[in-house]
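To be precise, the following lines are work08.pdb, and they hold PDB, C-alpha atoms and all ligand atoms.
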MODEL        1
ATOM      1  CA  MET A   1     -25.105   4.000 -24.273
ATOM      2  CA  TYR A   2     -25.841   4.513 -20.601
ATOM      3  CA  ASN A   3     -29.546   4.308 -19.808
ATOM      4  CA  GLY A   4     -30.241   7.390 -17.693
ATOM      5  CA  LEU A   5     -31.362   5.259 -14.724
ATOM      6  CA  MET A   6     -27.945   4.339 -13.493
ATOM      7  CA  GLU A   7     -27.350   4.126  -9.764
ATOM      8  CA  ILE A   8     -23.929   5.392  -8.680
ATOM      9  CA  LYS A   9     -22.686   4.691  -5.192
ATOM     10  CA  LYS A  10     -19.502   5.104  -3.241
ATOM     11  CA  VAL A  11     -18.244   2.035  -1.412
ATOM     12  CA  VAL A  12     -17.868   2.591   2.335
ATOM     13  CA  PRO A  13     -15.157   2.547   3.558
ATOM     14  CA  SER A  14     -12.867   3.640   0.744
ATOM     15  CA  GLY A  15     -10.000   6.067   0.264
ATOM     16  CA  TYR A  16      -7.580   7.525   2.788
ATOM     17  CA  CYS A  17      -6.550   5.464   5.813
ATOM     18  CA  LYS A  18      -5.143   6.801   9.062
ATOM     19  CA  GLY A  19      -1.541   5.953   8.056
ATOM     20  CA  VAL A  20      -1.789   8.055   4.904
ATOM     21  CA  VAL A  21      -3.521  10.951   6.659
ATOM     22  CA  ASN A  22      -0.825  10.918   9.327
ATOM     23  CA  ALA A  23       2.053  10.796   6.800
ATOM     24  CA  ILE A  24       0.687  13.733   4.795
ATOM     25  CA  LYS A  25       0.114  15.748   7.975
ATOM     26  CA  LEU A  26       3.674  15.032   9.137
ATOM     27  CA  ALA A  27       5.102  16.202   5.821
ATOM     28  CA  LYS A  28       3.030  19.404   5.810
ATOM     29  CA  ASP A  29       3.830  20.121   9.468
ATOM     30  CA  THR A  30       7.529  19.638   8.723
ATOM     31  CA  ARG A  31       7.343  22.280   5.995
ATOM     32  CA  ARG A  32       5.297  24.649   8.217
ATOM     33  CA  ASP A  33       7.835  24.344  11.055
ATOM     34  CA  ASN A  34      10.872  24.607   8.770
ATOM     35  CA  PRO A  35       9.957  27.136   6.082
ATOM     36  CA  ASP A  36      13.534  27.721   4.921
ATOM     37  CA  GLU A  37      14.948  24.180   5.031
ATOM     38  CA  LYS A  38      15.367  21.779   2.157
ATOM     39  CA  ILE A  39      12.964  18.857   2.672
ATOM     40  CA  TYR A  40      13.243  15.547   0.824
ATOM     41  CA  ILE A  41      11.101  12.399   0.881
ATOM     42  CA  LEU A  42      12.967   9.146   0.324
ATOM     43  CA  GLY A  43      10.522   7.467  -2.081
ATOM     44  CA  MET A  44       6.847   8.337  -2.564
ATOM     45  CA  LEU A  45       5.367   9.351   0.792
ATOM     46  CA  VAL A  46       2.278   7.310  -0.105
ATOM     47  CA  HIS A  47       1.692   5.661  -3.460
ATOM     48  CA  ASN A  48      -0.280   8.334  -5.250
ATOM     49  CA  SER A  49       1.219  10.735  -7.777
ATOM     50  CA  TYR A  50      -1.344  13.472  -6.957
ATOM     51  CA  VAL A  51      -0.142  13.501  -3.366
ATOM     52  CA  THR A  52       3.450  13.760  -4.634
ATOM     53  CA  GLN A  53       2.461  16.741  -6.818
ATOM     54  CA  GLU A  54       0.671  18.469  -3.926
ATOM     55  CA  LEU A  55       3.754  18.092  -1.728
ATOM     56  CA  SER A  56       6.043  19.383  -4.472
ATOM     57  CA  LYS A  57       3.978  22.602  -4.474
ATOM     58  CA  LEU A  58       5.181  23.028  -0.874
ATOM     59  CA  ASN A  59       8.720  22.527  -2.151
ATOM     60  CA  ILE A  60       8.925  19.093  -0.562
ATOM     61  CA  ILE A  61      11.009  17.096  -3.021
ATOM     62  CA  THR A  62      10.245  13.421  -3.616
ATOM     63  CA  LEU A  63      13.297  11.345  -4.561
ATOM     64  CA  ASP A  64      11.946   8.291  -6.320
ATOM     65  CA  ASP A  65      13.682   6.275  -8.996
ATOM     66  CA  THR A  66      13.093   2.563  -9.495
ATOM     67  CA  ARG A  67      16.686   2.139 -10.777
ATOM     68  CA  THR A  68      18.251   3.734  -7.719
ATOM     69  CA  SER A  69      18.171   2.300  -4.201
ATOM     70  CA  LYS A  70      17.100   4.357  -1.227
ATOM     71  CA  GLU A  71      20.653   4.133   0.101
ATOM     72  CA  GLU A  72      21.963   5.707  -3.111
ATOM     73  CA  LEU A  73      19.232   8.365  -3.127
ATOM     74  CA  LEU A  74      20.110   9.267   0.452
ATOM     75  CA  GLU A  75      23.751   9.834  -0.571
ATOM     76  CA  THR A  76      22.615  12.567  -2.999
ATOM     77  CA  ILE A  77      21.179  14.647  -0.130
ATOM     78  CA  LYS A  78      23.636  17.165   1.272
ATOM     79  CA  GLU A  79      21.522  19.161   3.704
ATOM     80  CA  GLY A  80      18.084  19.551   5.210
ATOM     81  CA  ILE A  81      15.434  17.162   6.456
ATOM     82  CA  VAL A  82      14.665  13.671   5.167
ATOM     83  CA  ILE A  83      11.163  12.264   5.484
ATOM     84  CA  PHE A  84      10.794   8.460   5.509
ATOM     85  CA  THR A  85       7.642   7.170   3.836
ATOM     86  CA  ALA A  86       4.552   5.507   5.343
ATOM     87  CA  HIS A  87       5.869   2.097   4.194
ATOM     88  CA  GLY A  88       8.651   1.908   6.773
ATOM     89  CA  ILE A  89      12.415   2.272   6.516
ATOM     90  CA  SER A  90      15.435   0.167   7.346
ATOM     91  CA  ASP A  91      17.421   0.906  10.527
ATOM     92  CA  ARG A  92      20.544   1.092   8.354
ATOM     93  CA  ILE A  93      19.165   4.042   6.379
ATOM     94  CA  LYS A  94      18.067   5.795   9.565
ATOM     95  CA  GLU A  95      21.566   5.410  11.017
ATOM     96  CA  ARG A  96      23.209   6.643   7.816
ATOM     97  CA  THR A  97      20.928   9.699   7.775
ATOM     98  CA  VAL A  98      22.100  10.661  11.255
ATOM     99  CA  GLN A  99      25.749   9.936  10.307
ATOM    100  CA  LYS A 100      25.416  12.365   7.398
ATOM    101  CA  GLY A 101      24.308  15.075   9.823
ATOM    102  CA  LEU A 102      20.781  15.206   8.423
ATOM    103  CA  ARG A 103      17.587  15.395  10.442
ATOM    104  CA  TYR A 104      14.784  12.963   9.706
ATOM    105  CA  VAL A 105      11.044  12.662  10.179
ATOM    106  CA  ASP A 106       9.690   9.118  10.176
ATOM    107  CA  ALA A 107       6.209   8.844   8.635
ATOM    108  CA  SER A 108       6.097   5.033   8.948
ATOM    109  CA  CYS A 109       2.545   3.852   9.601
ATOM    110  CA  VAL A 110       1.992   2.370  13.067
ATOM    111  CA  ASP A 111       0.542  -0.781  11.492
ATOM    112  CA  VAL A 112       3.693  -1.289   9.437
ATOM    113  CA  LEU A 113       5.822  -0.811  12.561
ATOM    114  CA  LYS A 114       3.665  -3.281  14.484
ATOM    115  CA  THR A 115       4.339  -5.993  11.889
ATOM    116  CA  GLN A 116       8.065  -5.191  11.920
ATOM    117  CA  ASN A 117       8.133  -5.512  15.716
ATOM    118  CA  ILE A 118       6.378  -8.877  15.646
ATOM    119  CA  ILE A 119       8.952 -10.116  13.122
ATOM    120  CA  LYS A 120      11.821  -8.850  15.288
ATOM    121  CA  GLU A 121      10.385 -10.710  18.298
ATOM    122  CA  TYR A 122      10.333 -14.015  16.406
ATOM    123  CA  LEU A 123      13.848 -13.447  15.061
ATOM    124  CA  LEU A 124      15.070 -12.898  18.615
ATOM    125  CA  GLN A 125      13.593 -16.252  19.542
ATOM    126  CA  GLY A 126      15.586 -17.933  16.756
ATOM    127  CA  TYR A 127      12.838 -18.243  14.128
ATOM    128  CA  ASP A 128      13.219 -18.002  10.376
ATOM    129  CA  VAL A 129      10.546 -15.681   8.982
ATOM    130  CA  LEU A 130       8.577 -16.286   5.805
ATOM    131  CA  TYR A 131       7.217 -12.931   4.647
ATOM    132  CA  PHE A 132       4.440 -12.789   2.057
ATOM    133  CA  GLY A 133       4.796  -9.467   0.244
ATOM    134  CA  LYS A 134       5.363  -7.761  -3.078
ATOM    135  CA  SER A 135       8.885  -7.929  -4.439
ATOM    136  CA  GLY A 136      10.431  -4.447  -4.721
ATOM    137  CA  HIS A 137       7.707  -2.773  -2.650
ATOM    138  CA  PRO A 138       9.197  -0.378  -0.051
ATOM    139  CA  GLU A 139       7.306  -2.003   2.832
ATOM    140  CA  ALA A 140       8.709  -5.422   1.899
ATOM    141  CA  GLU A 141      12.190  -3.976   1.351
ATOM    142  CA  ALA A 142      12.212  -2.370   4.796
ATOM    143  CA  VAL A 143      11.221  -5.690   6.377
ATOM    144  CA  LEU A 144      13.802  -7.704   4.407
ATOM    145  CA  SER A 145      16.538  -5.319   5.534
ATOM    146  CA  ILE A 146      16.001  -6.424   9.138
ATOM    147  CA  SER A 147      17.687  -9.830   8.752
ATOM    148  CA  ASP A 148      18.759 -12.374   6.161
ATOM    149  CA  LYS A 149      16.638 -14.880   8.072
ATOM    150  CA  ILE A 150      13.572 -13.253   6.487
ATOM    151  CA  HIS A 151      12.501 -14.944   3.247
ATOM    152  CA  LEU A 152      10.297 -13.081   0.794
ATOM    153  CA  ILE A 153       7.437 -15.015  -0.778
ATOM    154  CA  SER A 154       5.552 -13.273  -3.550
ATOM    155  CA  SER A 155       3.634 -16.271  -4.898
ATOM    156  CA  GLU A 156       2.725 -19.899  -4.251
ATOM    157  CA  GLU A 157       5.619 -20.840  -6.538
ATOM    158  CA  ASP A 158       8.074 -18.962  -4.313
ATOM    159  CA  LEU A 159       6.718 -20.837  -1.319
ATOM    160  CA  LYS A 160       7.089 -24.212  -3.009
ATOM    161  CA  LYS A 161      10.638 -23.385  -4.165
ATOM    162  CA  LEU A 162      11.758 -22.420  -0.680
ATOM    163  CA  SER A 163      13.505 -25.184   1.191
ATOM    164  CA  LEU A 164      13.813 -24.484   4.899
ATOM    165  CA  SER A 165      14.735 -26.939   7.591
ATOM    166  CA  GLY A 166      14.119 -26.700  11.325
ATOM    167  CA  ASP A 167      10.858 -26.304  13.145
ATOM    168  CA  LYS A 168      11.171 -22.661  14.184
ATOM    169  CA  LEU A 169       9.363 -21.029  11.302
ATOM    170  CA  PHE A 170       7.074 -18.018  11.375
ATOM    171  CA  LEU A 171       4.916 -16.728   8.506
ATOM    172  CA  THR A 172       3.418 -13.278   8.224
ATOM    173  CA  ASN A 173       2.621 -10.762   5.505
ATOM    174  CA  GLN A 174       2.807  -7.242   4.116
ATOM    175  CA  THR A 175      -0.069  -5.162   5.524
ATOM    176  CA  THR A 176      -1.745  -4.492   2.174
ATOM    177  CA  MET A 177      -2.107  -7.995   0.717
ATOM    178  CA  SER A 178      -5.390  -9.556  -0.405
ATOM    179  CA  TYR A 179      -7.066 -11.687   2.237
ATOM    180  CA  LEU A 180      -8.150 -14.146  -0.475
ATOM    181  CA  GLU A 181      -4.545 -14.723  -1.564
ATOM    182  CA  LEU A 182      -3.487 -15.121   2.046
ATOM    183  CA  GLU A 183      -6.076 -17.787   2.814
ATOM    184  CA  ASP A 184      -4.764 -19.998   0.001
ATOM    185  CA  LEU A 185      -1.109 -19.317   0.728
ATOM    186  CA  PHE A 186      -1.442 -19.992   4.449
ATOM    187  CA  LYS A 187      -3.086 -23.369   3.764
ATOM    188  CA  ILE A 188      -0.311 -24.456   1.389
ATOM    189  CA  ALA A 189       2.393 -23.218   3.766
ATOM    190  CA  LYS A 190       0.926 -25.141   6.676
ATOM    191  CA  LYS A 191       0.915 -28.324   4.587
ATOM    192  CA  ILE A 192       4.582 -27.904   3.669
ATOM    193  CA  TYR A 193       5.682 -26.821   7.166
ATOM    194  CA  PRO A 194       3.266 -28.312   9.757
ATOM    195  CA  SER A 195       5.026 -26.631  12.692
ATOM    196  CA  LEU A 196       4.736 -23.184  11.084
ATOM    197  CA  ILE A 197       3.369 -20.350  13.242
ATOM    198  CA  ILE A 198       1.204 -18.022  11.162
ATOM    199  CA  GLN A 199       0.125 -14.493  11.989
ATOM    200  CA  GLU A 200      -2.033 -12.620   9.521
ATOM    201  CA  GLU A 201      -1.061  -8.939   9.465
ATOM    202  CA  ILE A 202      -3.367  -7.246   6.933
ATOM    203  CA  CYS A 203      -4.100  -3.830   8.433
ATOM    204  CA  ASN A 204      -7.661  -2.859   9.344
ATOM    205  CA  ALA A 205      -7.872  -0.214   6.634
ATOM    206  CA  THR A 206      -6.962  -2.741   3.940
ATOM    207  CA  SER A 207      -9.221  -5.528   5.197
ATOM    208  CA  SER A 208     -12.255  -3.275   5.724
ATOM    209  CA  ARG A 209     -11.943  -1.853   2.199
ATOM    210  CA  GLN A 210     -11.598  -5.366   0.748
ATOM    211  CA  LEU A 211     -14.533  -6.729   2.759
ATOM    212  CA  ALA A 212     -16.798  -3.852   1.695
ATOM    213  CA  ILE A 213     -16.323  -4.915  -1.943
ATOM    214  CA  THR A 214     -17.325  -8.516  -1.269
ATOM    215  CA  LYS A 215     -20.639  -7.289   0.186
ATOM    216  CA  LEU A 216     -21.726  -5.237  -2.845
ATOM    217  CA  GLN A 217     -25.129  -6.286  -4.186
ATOM    218  CA  ASP A 218     -25.863  -6.463  -7.930
ATOM    219  CA  CYS A 219     -22.813  -4.429  -8.898
ATOM    220  CA  ASP A 220     -22.435  -4.205 -12.696
ATOM    221  CA  LEU A 221     -19.332  -2.077 -12.744
ATOM    222  CA  LEU A 222     -16.777  -1.202 -10.072
ATOM    223  CA  TYR A 223     -14.356   1.664 -10.519
ATOM    224  CA  VAL A 224     -11.268   1.476  -8.309
ATOM    225  CA  VAL A 225      -9.644   4.911  -8.115
ATOM    226  CA  GLY A 226      -5.941   4.877  -7.343
ATOM    227  CA  ASP A 227      -2.379   4.805  -8.522
ATOM    228  CA  VAL A 228      -0.937   1.789 -10.332
ATOM    229  CA  LYS A 229       1.921   1.787  -7.820
ATOM    230  CA  SER A 230      -0.429   1.352  -4.866
ATOM    231  CA  ASN A 231      -0.455  -2.254  -3.676
ATOM    232  CA  ASN A 232      -3.686  -1.959  -1.696
ATOM    233  CA  THR A 233      -5.412  -0.374  -4.720
ATOM    234  CA  GLY A 234      -4.324  -3.286  -6.918
ATOM    235  CA  LYS A 235      -5.661  -5.739  -4.371
ATOM    236  CA  LEU A 236      -9.088  -4.018  -4.434
ATOM    237  CA  VAL A 237      -9.179  -4.722  -8.174
ATOM    238  CA  ASP A 238      -8.273  -8.399  -7.557
ATOM    239  CA  ILE A 239     -10.917  -8.789  -4.852
ATOM    240  CA  GLY A 240     -13.569  -7.156  -7.053
ATOM    241  CA  LYS A 241     -12.813  -9.575  -9.889
ATOM    242  CA  LYS A 242     -12.735 -12.597  -7.596
ATOM    243  CA  SER A 243     -16.039 -11.501  -6.014
ATOM    244  CA  GLY A 244     -17.766 -11.992  -9.371
ATOM    245  CA  ILE A 245     -18.345  -8.321 -10.277
ATOM    246  CA  LYS A 246     -18.900  -8.198 -14.031
ATOM    247  CA  LYS A 247     -16.498  -5.362 -14.774
ATOM    248  CA  VAL A 248     -13.758  -3.947 -12.507
ATOM    249  CA  LEU A 249     -11.716  -1.020 -13.787
ATOM    250  CA  LEU A 250      -8.721   0.753 -12.274
ATOM    251  CA  ILE A 251      -8.677   4.488 -12.998
ATOM    252  CA  GLN A 252      -6.406   7.248 -11.727
ATOM    253  CA  ASN A 253      -9.050   9.983 -12.052
ATOM    254  CA  TYR A 254     -12.308  10.809 -13.841
ATOM    255  CA  LYS A 255     -10.464  11.523 -17.088
ATOM    256  CA  ASP A 256      -9.728   7.794 -17.406
ATOM    257  CA  ILE A 257     -13.459   6.984 -17.615
ATOM    258  CA  ASP A 258     -14.561   5.689 -21.000
ATOM    259  CA  LEU A 259     -18.328   6.201 -21.264
ATOM    260  CA  LYS A 260     -18.609   3.059 -23.397
ATOM    261  CA  ASP A 261     -17.865   1.049 -20.241
ATOM    262  CA  LEU A 262     -21.151   2.279 -18.753
ATOM    263  CA  GLU A 263     -23.253   0.630 -21.450
ATOM    264  CA  GLY A 264     -25.886  -1.636 -19.903
ATOM    265  CA  ALA A 265     -24.743  -0.909 -16.348
ATOM    266  CA  ASP A 266     -27.557  -0.241 -13.842
ATOM    267  CA  LYS A 267     -25.509  -0.142 -10.688
ATOM    268  CA  VAL A 268     -22.041   1.375 -10.601
ATOM    269  CA  TYR A 269     -19.879   1.529  -7.493
ATOM    270  CA  VAL A 270     -16.765   3.574  -6.839
ATOM    271  CA  THR A 271     -14.063   2.587  -4.387
ATOM    272  CA  ALA A 272     -10.497   3.804  -3.885
ATOM    273  CA  GLY A 273      -7.159   2.759  -2.477
ATOM    274  CA  ALA A 274      -5.990   3.967   0.915
ATOM    275  CA  SER A 275      -3.703   6.568  -0.675
ATOM    276  CA  THR A 276      -6.261   8.118  -3.063
ATOM    277  CA  PRO A 277      -7.181  11.739  -2.209
ATOM    278  CA  PRO A 278     -10.897  12.279  -1.462
ATOM    279  CA  SER A 279     -11.077  15.005  -4.139
ATOM    280  CA  LEU A 280     -10.258  12.452  -6.862
ATOM    281  CA  ILE A 281     -12.968  10.057  -5.653
ATOM    282  CA  ASN A 282     -15.547  12.852  -5.477
ATOM    283  CA  GLU A 283     -14.683  14.030  -8.992
ATOM    284  CA  VAL A 284     -15.252  10.510 -10.326
ATOM    285  CA  ILE A 285     -18.657  10.290  -8.632
ATOM    286  CA  GLU A 286     -19.698  13.766  -9.782
ATOM    287  CA  TYR A 287     -18.636  12.997 -13.335
ATOM    288  CA  LEU A 288     -20.548   9.716 -13.399
ATOM    289  CA  ARG A 289     -23.672  11.335 -11.934
ATOM    290  CA  ALA A 290     -23.494  14.082 -14.536
ATOM    291  CA  LYS A 291     -23.335  11.488 -17.289
ATOM    292  CA  ALA A 292     -25.859   8.954 -15.891
TER     293      ALA A 292
HETATM  294  S1  LIG B   1      -2.854   0.888   4.214
HETATM  295 FE1  LIG B   1      -2.693   0.155   6.324
HETATM  296  S2  LIG B   1      -0.488  -0.117   6.679
HETATM  297 FE2  LIG B   1      -0.702   1.162   4.849
HETATM  298  S3  LIG B   1      -0.614   3.248   5.615
HETATM  299 FE3  LIG B   1      -2.787   2.676   5.554
HETATM  300  S4  LIG B   1      -3.243   1.894   7.635
HETATM  301 FE4  LIG B   1      -1.018   1.939   7.377
ENDMDL
END

Would you mind writing the file out in structure tokens?
Amino acid sequence: MYNGLMEIKKVVPSGYCKGVVNAIKLAKDTRRDNPDEKIYILGMLVHNSYVTQELSKLNIITLDDTRTSKEELLETIKEGIVIFTAHGISDRIKERTVQKGLRYVDASCVDVLKTQNIIKEYLLQGYDVLYFGKSGHPEAEAVLSISDKIHLISSEEDLKKLSLSGDKLFLTNQTTMSYLELEDLFKIAKKIYPSLIIQEEICNATSSRQLAITKLQDCDLLYVVGDVKSNNTGKLVDIGKKSGIKKVLLIQNYKDIDLKDLEGADKVYVTAGASTPPSLINEVIEYLRAKA
């Protein structure tokens, strides 16, 4: 069992980033300013089911179904306001929203938009774009919708399979990827395409949370609090494992904690993805301190 001398610390920084805070504020402000309107979010505003539940209490309806495209979901909306998520949205969907006579609020994170704008610049100059991201993730989907000259790479294998000619090639990435994965992928890409221009686009919130994990001293157990759908949360788990931490566990809340995992642990750290509400992180820490 746990030894009663356990040290429990929160990793700094962890949890909410500015993009998530801004998206949630936009959604709540939209409800405050439009108390009688129907309000829909096209996908999960941020990847955390607790946030989705909180918004549903304000009668803000999240339309999210992995089997149905955002275009199809949009067609089901007949009236009201549509909120686009923090991950970005395609211009086509924006245009269709206006065509349907609906109003929209765009909660796209500024860091996501910055990456999209860089990609658009290179496309204008005649480049093909290699985009390292997660297949099916809304941020990657929004980027891929920009042009068919953007090629998604989700793994080294994808990169090796790709066969592009010409010397106008640009490589960048989804904002929430792991910097360790990127380092390896960039090296391989440069070998295959020596003229490749590379721009790393991990956002500050993601990189600072990843870096904080690599600096942990004598960590026996790391809890990563977050939703399984959250890419940046998943990457914190990967980084923890690759940093040599003995045990790294993804939990959604304190109820997922199995006290057996604490056996023999002297130092336990808690971190969280950029979309994890502070209340969930605090509950995990309070629970662990009560049990230590
Ligand atoms: S993780 Fe980064 S890109 Fe995503 S919402 Fe937060 S700041 Fe924006």

Shell of 8 Å around Lys235 (chain A), all atoms listed in the file, local chain residues under 6 positions omitted, as a VMD selection string: chain A and resid 176 to 178 210

Expected selection as a ChimeraX atom specification for ligand LIG 1 (chain B) within 10 Å, all atoms listed in the file: /A:15-23,45-47,85-88,107-115,139,174-177,201-207,209,230-233,273-275

Shell of 9 Å around region 184-198 of chain A, only C-alpha atoms, local chain residues under 3 positions omitted, as a compact mmCIF listing (two decimals) with C-alpha atoms, in the frame of the given file:
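Listing of around-v6.txt after writing:
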# COMPACT_ATOMS: atom_id res chain seq x y z
CA PHE A 132 4.44 -12.79 2.06
CA SER A 155 3.63 -16.27 -4.90
CA GLU A 156 2.72 -19.90 -4.25
CA LEU A 159 6.72 -20.84 -1.32
CA LYS A 160 7.09 -24.21 -3.01
CA LEU A 164 13.81 -24.48 4.90
CA ASP A 167 10.86 -26.30 13.14
CA LYS A 168 11.17 -22.66 14.18
CA LEU A 169 9.36 -21.03 11.30
CA PHE A 170 7.07 -18.02 11.38
CA LEU A 171 4.92 -16.73 8.51
CA THR A 172 3.42 -13.28 8.22
CA TYR A 179 -7.07 -11.69 2.24
CA LEU A 180 -8.15 -14.15 -0.48
CA GLU A 181 -4.54 -14.72 -1.56

Selection under test: the PyMOL selection byres (((chain A and resi 128) around 8) and not hetatm); residues as a PyMOL selection string: chain A and resi 122-123+126-127+129-130+149-151+168-170

The PyMOL selection byres (((chain A and resi 82) around 9) and not hetatm) applied to the shown file, residues as a PyMOL selection string: chain A and resi 38-42+74+77+79-81+83-84+97+102-106

Given all atoms listed in the file as the counted atoms, nearest of A:Ile213, A:Ile24, A:Val11, A:Ile93 to Ser69 (chain A): A:Ile93

Best match for closeness to Tyr254 (chain A) among A:Asp65, A:Asp218, A:Glu283, A:Glu141, counting all atoms listed in the file: A:Glu283
